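Colleague: Sharing a structure here in structure tokens format.
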Amino acid sequence: MKDHLLEVTGNVHLSGKTWVIRFSAPELAAKVRGGQFLMIEVSENYDPMGRRAFAVGDVRDEEIWIFYDVVGRGTKIMSGWERGTRVRVFGPLGKGLFDHRGERHLLIGGGIGLAGLTLFGKELRGMGKEVVFVYGARTAEQLSMMDWLKEEGFSYLIYTDDGSAGRKGLVTEVLKEFDRSWVVSACGPKAMMREVSRVAKETGHKVYLSLEARMACGWGVCLGCVVRTREGKFKRVCWEGPVFPAEEVVL
Ligand SMILES: Cc1cc2nc3c(=O)[nH]c(=O)nc-3n(C[C@H](O)[C@H](O)[C@H](O)COP(=O)(O)OP(=O)(O)OC[C@H]3O[C@@H](n4cnc5c(N)ncnc54)[C@H](O)[C@@H]3O)c2cc1C
Ligand code: FES
């Protein structure tokens, strides 16, 4: 991991509150792995303070792509960056990553959480594994990464809360349709992750969760991002994670 000064090559609104930003980053593109993330400096004058954490959503040639939701001041600033803007980016970060073992992988993403799985999906496909994405959101408008899934030619299932696209209901329903030979990796809102863990206990699937936490440093120093383990200890999401076996952590 190191600090990089990267140039924005594109920054486009997709739909709802989701954008995709691209950076020219040959060095990062060559070494980043699915599940890893970057800490992006949103302001040079410390207002707002601190860097923001983002999964690397895709790597194409020498570019990295980040899919992001505009939810507060930092991401609002990001959405104003034009081609040519230079930005400080620290990474790649995260040591605990997804498990590539197993021949069949179900990748469950809730909302922008899908961006935490996309690069891993491409890695699995490159290894010749069977991959199905399960993508859930409240409404059809919030399925902002549909074009990416289609363009990449992945198999996918869609769930929306209101039934405006795909199946109506929760993404966790899908676990009942895929037998235990499928390894499950999930990323999304905490409530979804809890539900995936709960249902997987019943169905017997092996599940890996990519967790989110408020992060100040991103490299294990501030202890601001800890998650409690089943053994009653704590692990740092940024350092030991962000991916953990579901049975290891308490959400
Ligand atoms: C490892 C990791 C990977 C991430 N990957 C992505 C990604 O690929 N795309 C993406 O859009 N977002 C991702 N996030 C979340 C992203 O870091 C936050 O949305 C971002 O920091 C918000 O910055 P802001 O200044 O706009 O919002 P703020 O003004 O700081 O906060 C606005 C709202 O967002 C909530 N929030 C802020 N940070 C987080 C967080 N880390 N987790 C949950 N809620 C938060 C706050 O509670 C508040 O309600 C990731 C977070 C982590 C820890
Ligand atoms: S963000 Fe500082 S220890 Fe994880």
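Just so we're on the same page: first chain in the structure tokens is A, next is B, and so on; residues restart at 1 for each chain, and ligands are numbered from 1 in the order they show up.
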I'd like the contact shell of stretch 64-67 of chain A - 10 Å cut-off, only C-alpha atoms, skipping same-chain residues fewer than 6 positions apart - returned as a PDB file with N, CA and C atoms, in the first residue's frame.

Modeller:
```pdb
ATOM      1  N   VAL A   8      -8.245  11.764 -12.638  1.00  0.00           N
ATOM      2  CA  VAL A   8      -9.590  11.331 -13.018  1.00  0.00           C
ATOM      3  C   VAL A   8      -9.680  11.289 -14.549  1.00  0.00           C
ATOM      4  N   THR A   9     -10.177  10.156 -15.070  1.00  0.00           N
ATOM      5  CA  THR A   9     -10.332  10.059 -16.531  1.00  0.00           C
ATOM      6  C   THR A   9     -11.813  10.102 -16.941  1.00  0.00           C
ATOM      7  N   GLY A  10     -12.697   9.991 -15.950  1.00  0.00           N
ATOM      8  CA  GLY A  10     -14.123  10.082 -16.250  1.00  0.00           C
ATOM      9  C   GLY A  10     -14.905  10.005 -14.952  1.00  0.00           C
ATOM     10  N   ASN A  11     -16.082  10.629 -14.928  1.00  0.00           N
ATOM     11  CA  ASN A  11     -16.899  10.640 -13.707  1.00  0.00           C
ATOM     12  C   ASN A  11     -18.350  10.838 -14.144  1.00  0.00           C
ATOM     13  N   VAL A  12     -19.113   9.766 -14.119  1.00  0.00           N
ATOM     14  CA  VAL A  12     -20.421   9.785 -14.780  1.00  0.00           C
ATOM     15  C   VAL A  12     -21.532   9.383 -13.813  1.00  0.00           C
ATOM     16  N   HIS A  13     -22.657  10.090 -13.878  1.00  0.00           N
ATOM     17  CA  HIS A  13     -23.827   9.707 -13.088  1.00  0.00           C
ATOM     18  C   HIS A  13     -24.502   8.521 -13.759  1.00  0.00           C
ATOM     19  N   LEU A  14     -24.821   7.484 -12.960  1.00  0.00           N
ATOM     20  CA  LEU A  14     -25.482   6.309 -13.545  1.00  0.00           C
ATOM     21  C   LEU A  14     -26.996   6.436 -13.391  1.00  0.00           C
ATOM     22  N   THR A  18     -26.139   7.039  -7.623  1.00  0.00           N
ATOM     23  CA  THR A  18     -24.894   6.330  -7.932  1.00  0.00           C
ATOM     24  C   THR A  18     -24.133   6.911  -9.119  1.00  0.00           C
ATOM     25  N   TRP A  19     -22.822   7.010  -8.921  1.00  0.00           N
ATOM     26  CA  TRP A  19     -21.898   7.494  -9.948  1.00  0.00           C
ATOM     27  C   TRP A  19     -20.802   6.454 -10.154  1.00  0.00           C
ATOM     28  N   VAL A  20     -20.087   6.569 -11.274  1.00  0.00           N
ATOM     29  CA  VAL A  20     -18.874   5.766 -11.443  1.00  0.00           C
ATOM     30  C   VAL A  20     -17.746   6.726 -11.828  1.00  0.00           C
ATOM     31  N   ILE A  21     -16.647   6.617 -11.063  1.00  0.00           N
ATOM     32  CA  ILE A  21     -15.481   7.456 -11.353  1.00  0.00           C
ATOM     33  C   ILE A  21     -14.333   6.558 -11.799  1.00  0.00           C
ATOM     34  N   ARG A  22     -13.591   7.046 -12.802  1.00  0.00           N
ATOM     35  CA  ARG A  22     -12.466   6.258 -13.319  1.00  0.00           C
ATOM     36  C   ARG A  22     -11.177   7.040 -13.100  1.00  0.00           C
ATOM     37  N   PHE A  23     -10.133   6.317 -12.726  1.00  0.00           N
ATOM     38  CA  PHE A  23      -8.818   6.933 -12.538  1.00  0.00           C
ATOM     39  C   PHE A  23      -7.800   6.222 -13.411  1.00  0.00           C
ATOM     40  N   SER A  24      -6.858   6.981 -13.937  1.00  0.00           N
ATOM     41  CA  SER A  24      -5.710   6.361 -14.590  1.00  0.00           C
ATOM     42  C   SER A  24      -4.778   5.920 -13.470  1.00  0.00           C
ATOM     43  N   ALA A  25      -4.516   4.609 -13.375  1.00  0.00           N
ATOM     44  CA  ALA A  25      -3.764   4.090 -12.225  1.00  0.00           C
ATOM     45  C   ALA A  25      -3.059   2.784 -12.596  1.00  0.00           C
ATOM     46  N   PRO A  26      -2.076   2.851 -13.493  1.00  0.00           N
ATOM     47  CA  PRO A  26      -1.425   1.618 -13.960  1.00  0.00           C
ATOM     48  C   PRO A  26      -0.873   0.752 -12.821  1.00  0.00           C
ATOM     49  N   LEU A  28      -1.707   0.641  -9.535  1.00  0.00           N
ATOM     50  CA  LEU A  28      -2.768   0.026  -8.730  1.00  0.00           C
ATOM     51  C   LEU A  28      -3.503  -1.045  -9.532  1.00  0.00           C
ATOM     52  N   ALA A  29      -3.772  -0.739 -10.790  1.00  0.00           N
ATOM     53  CA  ALA A  29      -4.521  -1.681 -11.636  1.00  0.00           C
ATOM     54  C   ALA A  29      -3.796  -3.021 -11.734  1.00  0.00           C
ATOM     55  N   ALA A  30      -2.484  -2.980 -11.686  1.00  0.00           N
ATOM     56  CA  ALA A  30      -1.708  -4.215 -11.835  1.00  0.00           C
ATOM     57  C   ALA A  30      -1.744  -5.064 -10.570  1.00  0.00           C
ATOM     58  N   VAL A  32      -4.151  -4.563  -7.597  1.00  0.00           N
ATOM     59  CA  VAL A  32      -5.330  -4.632  -6.723  1.00  0.00           C
ATOM     60  C   VAL A  32      -6.092  -5.943  -6.921  1.00  0.00           C
ATOM     61  N   PHE A  37      -9.828  -2.265  -1.035  1.00  0.00           N
ATOM     62  CA  PHE A  37     -10.422  -0.933  -1.130  1.00  0.00           C
ATOM     63  C   PHE A  37      -9.335   0.139  -1.092  1.00  0.00           C
ATOM     64  N   LEU A  38      -9.765   1.379  -1.344  1.00  0.00           N
ATOM     65  CA  LEU A  38      -8.849   2.524  -1.374  1.00  0.00           C
ATOM     66  C   LEU A  38      -9.393   3.599  -0.445  1.00  0.00           C
ATOM     67  N   PHE A  54     -13.457   3.266  -0.404  1.00  0.00           N
ATOM     68  CA  PHE A  54     -14.244   2.764  -1.547  1.00  0.00           C
ATOM     69  C   PHE A  54     -13.633   1.476  -2.077  1.00  0.00           C
ATOM     70  N   ALA A  55     -14.503   0.511  -2.358  1.00  0.00           N
ATOM     71  CA  ALA A  55     -14.062  -0.727  -2.993  1.00  0.00           C
ATOM     72  C   ALA A  55     -13.615  -0.427  -4.416  1.00  0.00           C
ATOM     73  N   VAL A  56     -12.666  -1.186  -4.891  1.00  0.00           N
ATOM     74  CA  VAL A  56     -12.316  -1.079  -6.318  1.00  0.00           C
ATOM     75  C   VAL A  56     -13.337  -1.931  -7.070  1.00  0.00           C
ATOM     76  N   GLY A  57     -14.153  -1.265  -7.876  1.00  0.00           N
ATOM     77  CA  GLY A  57     -15.262  -1.951  -8.539  1.00  0.00           C
ATOM     78  C   GLY A  57     -14.865  -2.662  -9.813  1.00  0.00           C
ATOM     79  N   ASP A  58     -13.847  -2.121 -10.481  1.00  0.00           N
ATOM     80  CA  ASP A  58     -13.427  -2.762 -11.735  1.00  0.00           C
ATOM     81  C   ASP A  58     -12.020  -2.284 -12.096  1.00  0.00           C
ATOM     82  N   ILE A 112     -25.346  -0.423  -3.442  1.00  0.00           N
ATOM     83  CA  ILE A 112     -23.970  -0.118  -3.863  1.00  0.00           C
ATOM     84  C   ILE A 112     -22.995  -1.212  -3.387  1.00  0.00           C
ATOM     85  N   GLY A 113     -23.462  -2.062  -2.480  1.00  0.00           N
ATOM     86  CA  GLY A 113     -22.642  -3.190  -2.013  1.00  0.00           C
ATOM     87  C   GLY A 113     -22.186  -4.088  -3.158  1.00  0.00           C
ATOM     88  N   LEU A 114     -22.924  -4.083  -4.243  1.00  0.00           N
ATOM     89  CA  LEU A 114     -22.519  -4.909  -5.392  1.00  0.00           C
ATOM     90  C   LEU A 114     -21.095  -4.548  -5.843  1.00  0.00           C
ATOM     91  N   ALA A 115     -20.744  -3.254  -5.666  1.00  0.00           N
ATOM     92  CA  ALA A 115     -19.415  -2.787  -6.103  1.00  0.00           C
ATOM     93  C   ALA A 115     -18.277  -3.468  -5.344  1.00  0.00           C
ATOM     94  N   GLY A 116     -18.603  -4.042  -4.191  1.00  0.00           N
ATOM     95  CA  GLY A 116     -17.586  -4.762  -3.422  1.00  0.00           C
ATOM     96  C   GLY A 116     -17.347  -6.169  -3.942  1.00  0.00           C
ATOM     97  N   LEU A 119     -15.228  -6.963  -8.877  1.00  0.00           N
ATOM     98  CA  LEU A 119     -13.873  -7.342  -9.291  1.00  0.00           C
ATOM     99  C   LEU A 119     -13.604  -8.802  -8.925  1.00  0.00           C
ATOM    100  N   SER A 144     -28.395   0.627 -10.149  1.00  0.00           N
ATOM    101  CA  SER A 144     -27.567   1.482 -11.023  1.00  0.00           C
ATOM    102  C   SER A 144     -26.463   0.730 -11.747  1.00  0.00           C
ATOM    103  N   MET A 145     -26.143  -0.465 -11.292  1.00  0.00           N
ATOM    104  CA  MET A 145     -25.030  -1.190 -11.905  1.00  0.00           C
ATOM    105  C   MET A 145     -25.491  -2.278 -12.878  1.00  0.00           C
TER     106      MET A 145
END
```

Colleague: Set out as a Markdown table a contact list for chain A and ligand 1 with a cut-off of 9 Å, giving each residue of chain A that qualifies its closest atom pair and distance in Å to one decimal, counting only C-alpha atoms and all ligand atoms, ordered by chain and rising residue number.

Modeller:
```
| residue | atom | partner | partner_atom_place_in_ligand_line | distance |
| --- | --- | --- | --- | --- |
| A:Thr18 | CA | ligand 1 | 11 (O) | 7.3 |
| A:Trp19 | CA | ligand 1 | 11 (O) | 8.3 |
| A:Gly35 | CA | ligand 1 | 1 (C) | 8.3 |
| A:Gln36 | CA | ligand 1 | 1 (C) | 7.4 |
| A:Phe37 | CA | ligand 1 | 1 (C) | 5.6 |
| A:Leu38 | CA | ligand 1 | 3 (C) | 7.7 |
| A:Met39 | CA | ligand 1 | 17 (O) | 8.2 |
| A:Ile40 | CA | ligand 1 | 21 (O) | 8.9 |
| A:Val42 | CA | ligand 1 | 25 (O) | 7.9 |
| A:Pro48 | CA | ligand 1 | 25 (O) | 7.1 |
| A:Met49 | CA | ligand 1 | 25 (O) | 8.7 |
| A:Gly50 | CA | ligand 1 | 25 (O) | 8.8 |
| A:Arg51 | CA | ligand 1 | 21 (O) | 7.5 |
| A:Arg52 | CA | ligand 1 | 21 (O) | 4.2 |
| A:Ala53 | CA | ligand 1 | 17 (O) | 3.9 |
| A:Phe54 | CA | ligand 1 | 5 (N) | 3.4 |
| A:Ala55 | CA | ligand 1 | 8 (O) | 3.9 |
| A:Val56 | CA | ligand 1 | 8 (O) | 6.4 |
| A:Gly57 | CA | ligand 1 | 8 (O) | 6.4 |
| A:Ile66 | CA | ligand 1 | 8 (O) | 6.0 |
| A:Phe67 | CA | ligand 1 | 9 (N) | 5.2 |
| A:Tyr68 | CA | ligand 1 | 11 (O) | 3.2 |
| A:Asp69 | CA | ligand 1 | 11 (O) | 3.9 |
| A:Val70 | CA | ligand 1 | 26 (O) | 5.8 |
| A:Val71 | CA | ligand 1 | 26 (O) | 4.6 |
| A:Gly72 | CA | ligand 1 | 26 (O) | 3.2 |
| A:Arg73 | CA | ligand 1 | 25 (O) | 4.4 |
| A:Gly74 | CA | ligand 1 | 25 (O) | 3.2 |
| A:Thr75 | CA | ligand 1 | 26 (O) | 3.6 |
| A:Lys76 | CA | ligand 1 | 26 (O) | 6.0 |
| A:Ile77 | CA | ligand 1 | 26 (O) | 7.9 |
| A:Met78 | CA | ligand 1 | 26 (O) | 8.3 |
| A:Leu93 | CA | ligand 1 | 1 (C) | 8.4 |
| A:Gly94 | CA | ligand 1 | 1 (C) | 7.8 |
| A:Ile112 | CA | ligand 1 | 9 (N) | 5.7 |
| A:Gly113 | CA | ligand 1 | 7 (C) | 6.7 |
| A:Leu114 | CA | ligand 1 | 8 (O) | 8.0 |
| A:Ala115 | CA | ligand 1 | 8 (O) | 5.1 |
| A:Gly116 | CA | ligand 1 | 8 (O) | 5.7 |
| A:Pro189 | CA | ligand 1 | 43 (C) | 7.9 |
| A:Lys190 | CA | ligand 1 | 43 (C) | 8.8 |
| A:Ser210 | CA | ligand 1 | 1 (C) | 7.6 |
| A:Leu211 | CA | ligand 1 | 1 (C) | 6.6 |
| A:Glu212 | CA | ligand 1 | 53 (C) | 4.0 |
| A:Ala213 | CA | ligand 1 | 41 (N) | 4.5 |
| A:Arg214 | CA | ligand 1 | 41 (N) | 4.0 |
| A:Met215 | CA | ligand 1 | 53 (C) | 5.9 |
| A:Gly218 | CA | ligand 1 | 53 (C) | 8.2 |
| A:Cys225 | CA | ligand 1 | 53 (C) | 8.0 |
| A:Val237 | CA | ligand 1 | 1 (C) | 7.4 |
| A:Cys238 | CA | ligand 1 | 1 (C) | 6.5 |
| A:Gly241 | CA | ligand 1 | 1 (C) | 8.4 |
| A:Pro242 | CA | ligand 1 | 1 (C) | 5.8 |
| A:Val243 | CA | ligand 1 | 1 (C) | 9.0 |
```

Colleague: How would the residues just chosen look if you wrote them out with N, CA and C atoms as a short mmCIF file (atom, residue, chain, number, x, y, z; two decimals), in the first residue's frame?

Modeller:
```cif
data_model
loop_
_atom_site.label_atom_id
_atom_site.label_comp_id
_atom_site.auth_asym_id
_atom_site.auth_seq_id
_atom_site.Cartn_x
_atom_site.Cartn_y
_atom_site.Cartn_z
N THR A 18 -26.14 7.04 -7.62
CA THR A 18 -24.89 6.33 -7.93
C THR A 18 -24.13 6.91 -9.12
N TRP A 19 -22.82 7.01 -8.92
CA TRP A 19 -21.90 7.49 -9.95
C TRP A 19 -20.80 6.45 -10.15
N GLY A 35 -12.16 -7.28 -3.58
CA GLY A 35 -12.41 -7.17 -2.15
C GLY A 35 -11.57 -6.08 -1.50
N GLN A 36 -10.50 -5.65 -2.18
CA GLN A 36 -9.68 -4.59 -1.59
C GLN A 36 -10.33 -3.23 -1.80
N PHE A 37 -9.83 -2.26 -1.03
CA PHE A 37 -10.42 -0.93 -1.13
C PHE A 37 -9.34 0.14 -1.09
N LEU A 38 -9.77 1.38 -1.34
CA LEU A 38 -8.85 2.52 -1.37
C LEU A 38 -9.39 3.60 -0.44
N MET A 39 -8.49 4.44 0.09
CA MET A 39 -8.92 5.60 0.88
C MET A 39 -8.67 6.84 0.03
N ILE A 40 -9.75 7.54 -0.30
CA ILE A 40 -9.67 8.68 -1.22
C ILE A 40 -9.76 10.01 -0.45
N VAL A 42 -10.89 13.53 -0.12
CA VAL A 42 -11.94 14.29 -0.81
C VAL A 42 -11.69 15.79 -0.76
N PRO A 48 -14.38 18.51 4.13
CA PRO A 48 -14.42 17.68 5.33
C PRO A 48 -13.10 16.93 5.55
N MET A 49 -12.88 16.54 6.80
CA MET A 49 -11.63 15.88 7.17
C MET A 49 -11.66 14.40 6.84
N GLY A 50 -10.50 13.84 6.67
CA GLY A 50 -10.37 12.39 6.54
C GLY A 50 -10.63 11.90 5.14
N ARG A 51 -10.10 10.71 4.89
CA ARG A 51 -10.32 10.10 3.57
C ARG A 51 -11.55 9.21 3.63
N ARG A 52 -12.07 8.88 2.47
CA ARG A 52 -13.26 8.04 2.38
C ARG A 52 -12.89 6.70 1.75
N ALA A 53 -13.50 5.62 2.27
CA ALA A 53 -13.16 4.26 1.80
C ALA A 53 -14.06 3.84 0.64
N PHE A 54 -13.46 3.27 -0.40
CA PHE A 54 -14.24 2.76 -1.55
C PHE A 54 -13.63 1.48 -2.08
N ALA A 55 -14.50 0.51 -2.36
CA ALA A 55 -14.06 -0.73 -2.99
C ALA A 55 -13.62 -0.43 -4.42
N VAL A 56 -12.67 -1.19 -4.89
CA VAL A 56 -12.32 -1.08 -6.32
C VAL A 56 -13.34 -1.93 -7.07
N GLY A 57 -14.15 -1.27 -7.88
CA GLY A 57 -15.26 -1.95 -8.54
C GLY A 57 -14.86 -2.66 -9.81
N ILE A 66 -14.47 3.10 -9.70
CA ILE A 66 -15.12 3.07 -8.39
C ILE A 66 -16.57 3.49 -8.56
N PHE A 67 -17.45 2.62 -8.13
CA PHE A 67 -18.88 2.94 -8.15
C PHE A 67 -19.20 3.54 -6.79
N TYR A 68 -19.83 4.71 -6.77
CA TYR A 68 -20.10 5.32 -5.46
C TYR A 68 -21.45 6.01 -5.40
N ASP A 69 -22.04 5.94 -4.20
CA ASP A 69 -23.29 6.64 -3.92
C ASP A 69 -22.97 7.99 -3.30
N VAL A 70 -23.67 9.02 -3.72
CA VAL A 70 -23.52 10.33 -3.10
C VAL A 70 -24.43 10.35 -1.87
N VAL A 71 -23.77 10.31 -0.68
CA VAL A 71 -24.55 10.22 0.57
C VAL A 71 -24.25 11.36 1.54
N GLY A 72 -23.15 12.08 1.33
CA GLY A 72 -22.78 13.14 2.27
C GLY A 72 -21.82 14.11 1.59
N ARG A 73 -21.10 14.88 2.41
CA ARG A 73 -20.27 15.96 1.84
C ARG A 73 -19.12 15.44 0.99
N GLY A 74 -18.46 14.39 1.47
CA GLY A 74 -17.30 13.89 0.73
C GLY A 74 -17.68 13.38 -0.65
N THR A 75 -18.71 12.58 -0.71
CA THR A 75 -19.11 12.01 -2.00
C THR A 75 -19.75 13.07 -2.90
N LYS A 76 -20.33 14.10 -2.28
CA LYS A 76 -20.86 15.22 -3.09
C LYS A 76 -19.69 15.92 -3.79
N ILE A 77 -18.61 16.12 -3.05
CA ILE A 77 -17.42 16.75 -3.65
C ILE A 77 -16.90 15.88 -4.80
N MET A 78 -16.84 14.57 -4.55
CA MET A 78 -16.34 13.65 -5.60
C MET A 78 -17.14 13.78 -6.89
N LEU A 93 -5.88 -1.52 0.05
CA LEU A 93 -6.00 -1.88 1.46
C LEU A 93 -6.90 -3.10 1.63
N GLY A 94 -6.70 -3.78 2.77
CA GLY A 94 -7.50 -4.97 3.07
C GLY A 94 -6.68 -6.22 2.83
N ILE A 112 -25.35 -0.42 -3.44
CA ILE A 112 -23.97 -0.12 -3.86
C ILE A 112 -23.00 -1.21 -3.39
N GLY A 113 -23.46 -2.06 -2.48
CA GLY A 113 -22.64 -3.19 -2.01
C GLY A 113 -22.19 -4.09 -3.16
N LEU A 114 -22.92 -4.08 -4.24
CA LEU A 114 -22.52 -4.91 -5.39
C LEU A 114 -21.10 -4.55 -5.84
N ALA A 115 -20.74 -3.25 -5.67
CA ALA A 115 -19.42 -2.79 -6.10
C ALA A 115 -18.28 -3.47 -5.34
N GLY A 116 -18.60 -4.04 -4.19
CA GLY A 116 -17.59 -4.76 -3.42
C GLY A 116 -17.35 -6.17 -3.94
N PRO A 189 -25.92 -3.56 2.91
CA PRO A 189 -26.31 -2.99 4.19
C PRO A 189 -26.26 -4.05 5.31
N LYS A 190 -26.01 -3.55 6.53
CA LYS A 190 -25.85 -4.47 7.66
C LYS A 190 -27.04 -5.42 7.83
N SER A 210 -18.31 -9.09 3.19
CA SER A 210 -17.42 -7.92 3.09
C SER A 210 -18.08 -6.80 3.89
N LEU A 211 -17.44 -6.41 4.99
CA LEU A 211 -18.08 -5.48 5.92
C LEU A 211 -17.70 -4.04 5.63
N GLU A 212 -18.60 -3.14 6.05
CA GLU A 212 -18.31 -1.71 5.99
C GLU A 212 -18.26 -1.18 7.41
N ALA A 213 -17.41 -0.20 7.66
CA ALA A 213 -17.36 0.45 8.97
C ALA A 213 -16.84 1.86 8.74
N ARG A 214 -17.11 2.76 9.66
CA ARG A 214 -16.55 4.10 9.55
C ARG A 214 -15.04 3.97 9.69
N MET A 215 -14.30 4.48 8.74
CA MET A 215 -12.84 4.32 8.77
C MET A 215 -12.14 5.67 8.79
N GLY A 218 -7.65 3.51 7.86
CA GLY A 218 -7.70 2.52 6.77
C GLY A 218 -6.58 1.52 6.81
N CYS A 225 -12.55 1.04 13.40
CA CYS A 225 -13.40 0.24 12.51
C CYS A 225 -13.64 -1.18 13.02
N VAL A 237 -11.79 -4.02 10.68
CA VAL A 237 -12.35 -4.28 9.34
C VAL A 237 -11.33 -3.91 8.27
N CYS A 238 -10.58 -2.82 8.50
CA CYS A 238 -9.64 -2.37 7.46
C CYS A 238 -8.42 -3.27 7.35
N GLY A 241 -9.82 -7.49 7.83
CA GLY A 241 -10.88 -7.63 6.81
C GLY A 241 -10.48 -6.95 5.54
N PRO A 242 -11.43 -6.45 4.74
CA PRO A 242 -12.84 -6.26 5.11
C PRO A 242 -13.70 -7.52 5.01
N VAL A 243 -13.12 -8.65 4.50
CA VAL A 243 -13.96 -9.84 4.32
C VAL A 243 -13.72 -10.81 5.49
#
```

Colleague: Check the smallest atom-to-atom distance from each of A:Leu251, A:Val87, A:Val221, A:Val227 to ligand 2 using only C-alpha atoms and all ligand atoms, then report the winner.

Modeller: A:Val221

Colleague: Quick one: DSSP strand (DSSP E or B) residues in stretch 104-217 of chain A, as number ranges by chain?

Modeller: A: 104-110, 130-137, 155-160, 167-168, 182-187, 207-210

Colleague: Output the selection as a tab-separated table (two decimals), in the first residue's frame - C-alpha atoms for each residue.

Modeller:
```
chain	number	residue	atom	x	y	z
A	104	ARG	CA	-19.63	-22.31	-7.96
A	105	HIS	CA	-20.02	-18.85	-6.47
A	106	LEU	CA	-23.09	-16.86	-5.59
A	107	LEU	CA	-22.26	-13.16	-5.18
A	108	ILE	CA	-25.00	-11.27	-3.32
A	109	GLY	CA	-24.89	-7.47	-3.47
A	110	GLY	CA	-27.34	-5.08	-1.83
A	130	GLU	CA	-19.29	-20.58	-12.32
A	131	VAL	CA	-20.52	-17.19	-11.08
A	132	VAL	CA	-24.05	-15.88	-10.48
A	133	PHE	CA	-24.63	-12.36	-9.19
A	134	VAL	CA	-27.68	-11.63	-7.06
A	135	TYR	CA	-28.42	-7.92	-7.07
A	136	GLY	CA	-30.99	-6.36	-4.77
A	137	ALA	CA	-32.28	-2.83	-4.25
A	155	SER	CA	-25.52	-14.44	-15.10
A	156	TYR	CA	-27.61	-12.55	-12.59
A	157	LEU	CA	-30.83	-12.51	-10.59
A	158	ILE	CA	-32.54	-9.29	-9.59
A	159	TYR	CA	-34.58	-8.55	-6.48
A	160	THR	CA	-36.41	-5.33	-5.59
A	167	ARG	CA	-38.36	-10.65	-8.28
A	168	LYS	CA	-40.16	-8.95	-5.41
A	182	TRP	CA	-22.38	-22.77	-3.96
A	183	VAL	CA	-20.02	-20.58	-1.94
A	184	VAL	CA	-21.75	-17.34	-0.97
A	185	SER	CA	-20.02	-13.94	-0.81
A	186	ALA	CA	-22.07	-10.92	0.19
A	187	CYS	CA	-21.69	-7.16	0.50
A	207	VAL	CA	-20.71	-17.46	3.58
A	208	TYR	CA	-18.15	-14.66	3.40
A	209	LEU	CA	-19.15	-11.09	4.24
A	210	SER	CA	-17.42	-7.92	3.09
```

Colleague: Any chance you could list, as an NGL selection string, the residues in stretch 20-164 of chain A that come up helix (DSSP H, G or I) when DSSP is run on the backbone?

Modeller: :A and (26-31 or 73-79 or 111-116 or 118-126 or 140-142 or 146-152)

Colleague: Using only C-alpha atoms, which of A:Asp161, A:Glu247, A:Glu103, A:Asp179 sits nearest A:Arg198?

Modeller: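 Checking each candidate against A:Arg198, we get A:Glu247 as the closest.
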
Colleague: Hey, which of A:Gly102, A:Glu202, A:Phe90, A:Glu82 ends up closest to A:Trp219? Count only C-alpha atoms.

Modeller: A:Phe90

Colleague: Measuring between only C-alpha atoms and all ligand atoms, which one of A:Phe120, A:Phe178, A:Trp239, A:Trp148 shows the shortest distance to ligand 2?

Modeller: A:Trp239

Colleague: Looking at A:Ser79, A:Leu170, A:Ala191, A:Pro245, which one is nearest to A:Arg138, with distances taken over only C-alpha atoms?

Modeller: A:Leu170

Colleague: In Å to one decimal, how far is atom CA of A:Ser181 from atom CA of A:Lys122?

Modeller: 19.7 Å

Colleague: Choose the residue, out of A:His205, A:Glu62, A:Lys129, A:Gly121, that has the smallest atom-to-atom separation from A:Glu152; count only C-alpha atoms.

Modeller: A:Gly121

Colleague: Between atom CA of A:Arg228 and atom CA of A:Ser197, what is the spacing in Å?

Modeller: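 Between atom CA of A:Ser197 and atom CA of A:Arg228 the gap is 15.1 Å.
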
Colleague: What is the atom CA of A:Gly126-atom CA of A:Gly91 distance in Å, reported with one decimal?

Modeller: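 It comes out at 23.4 Å.
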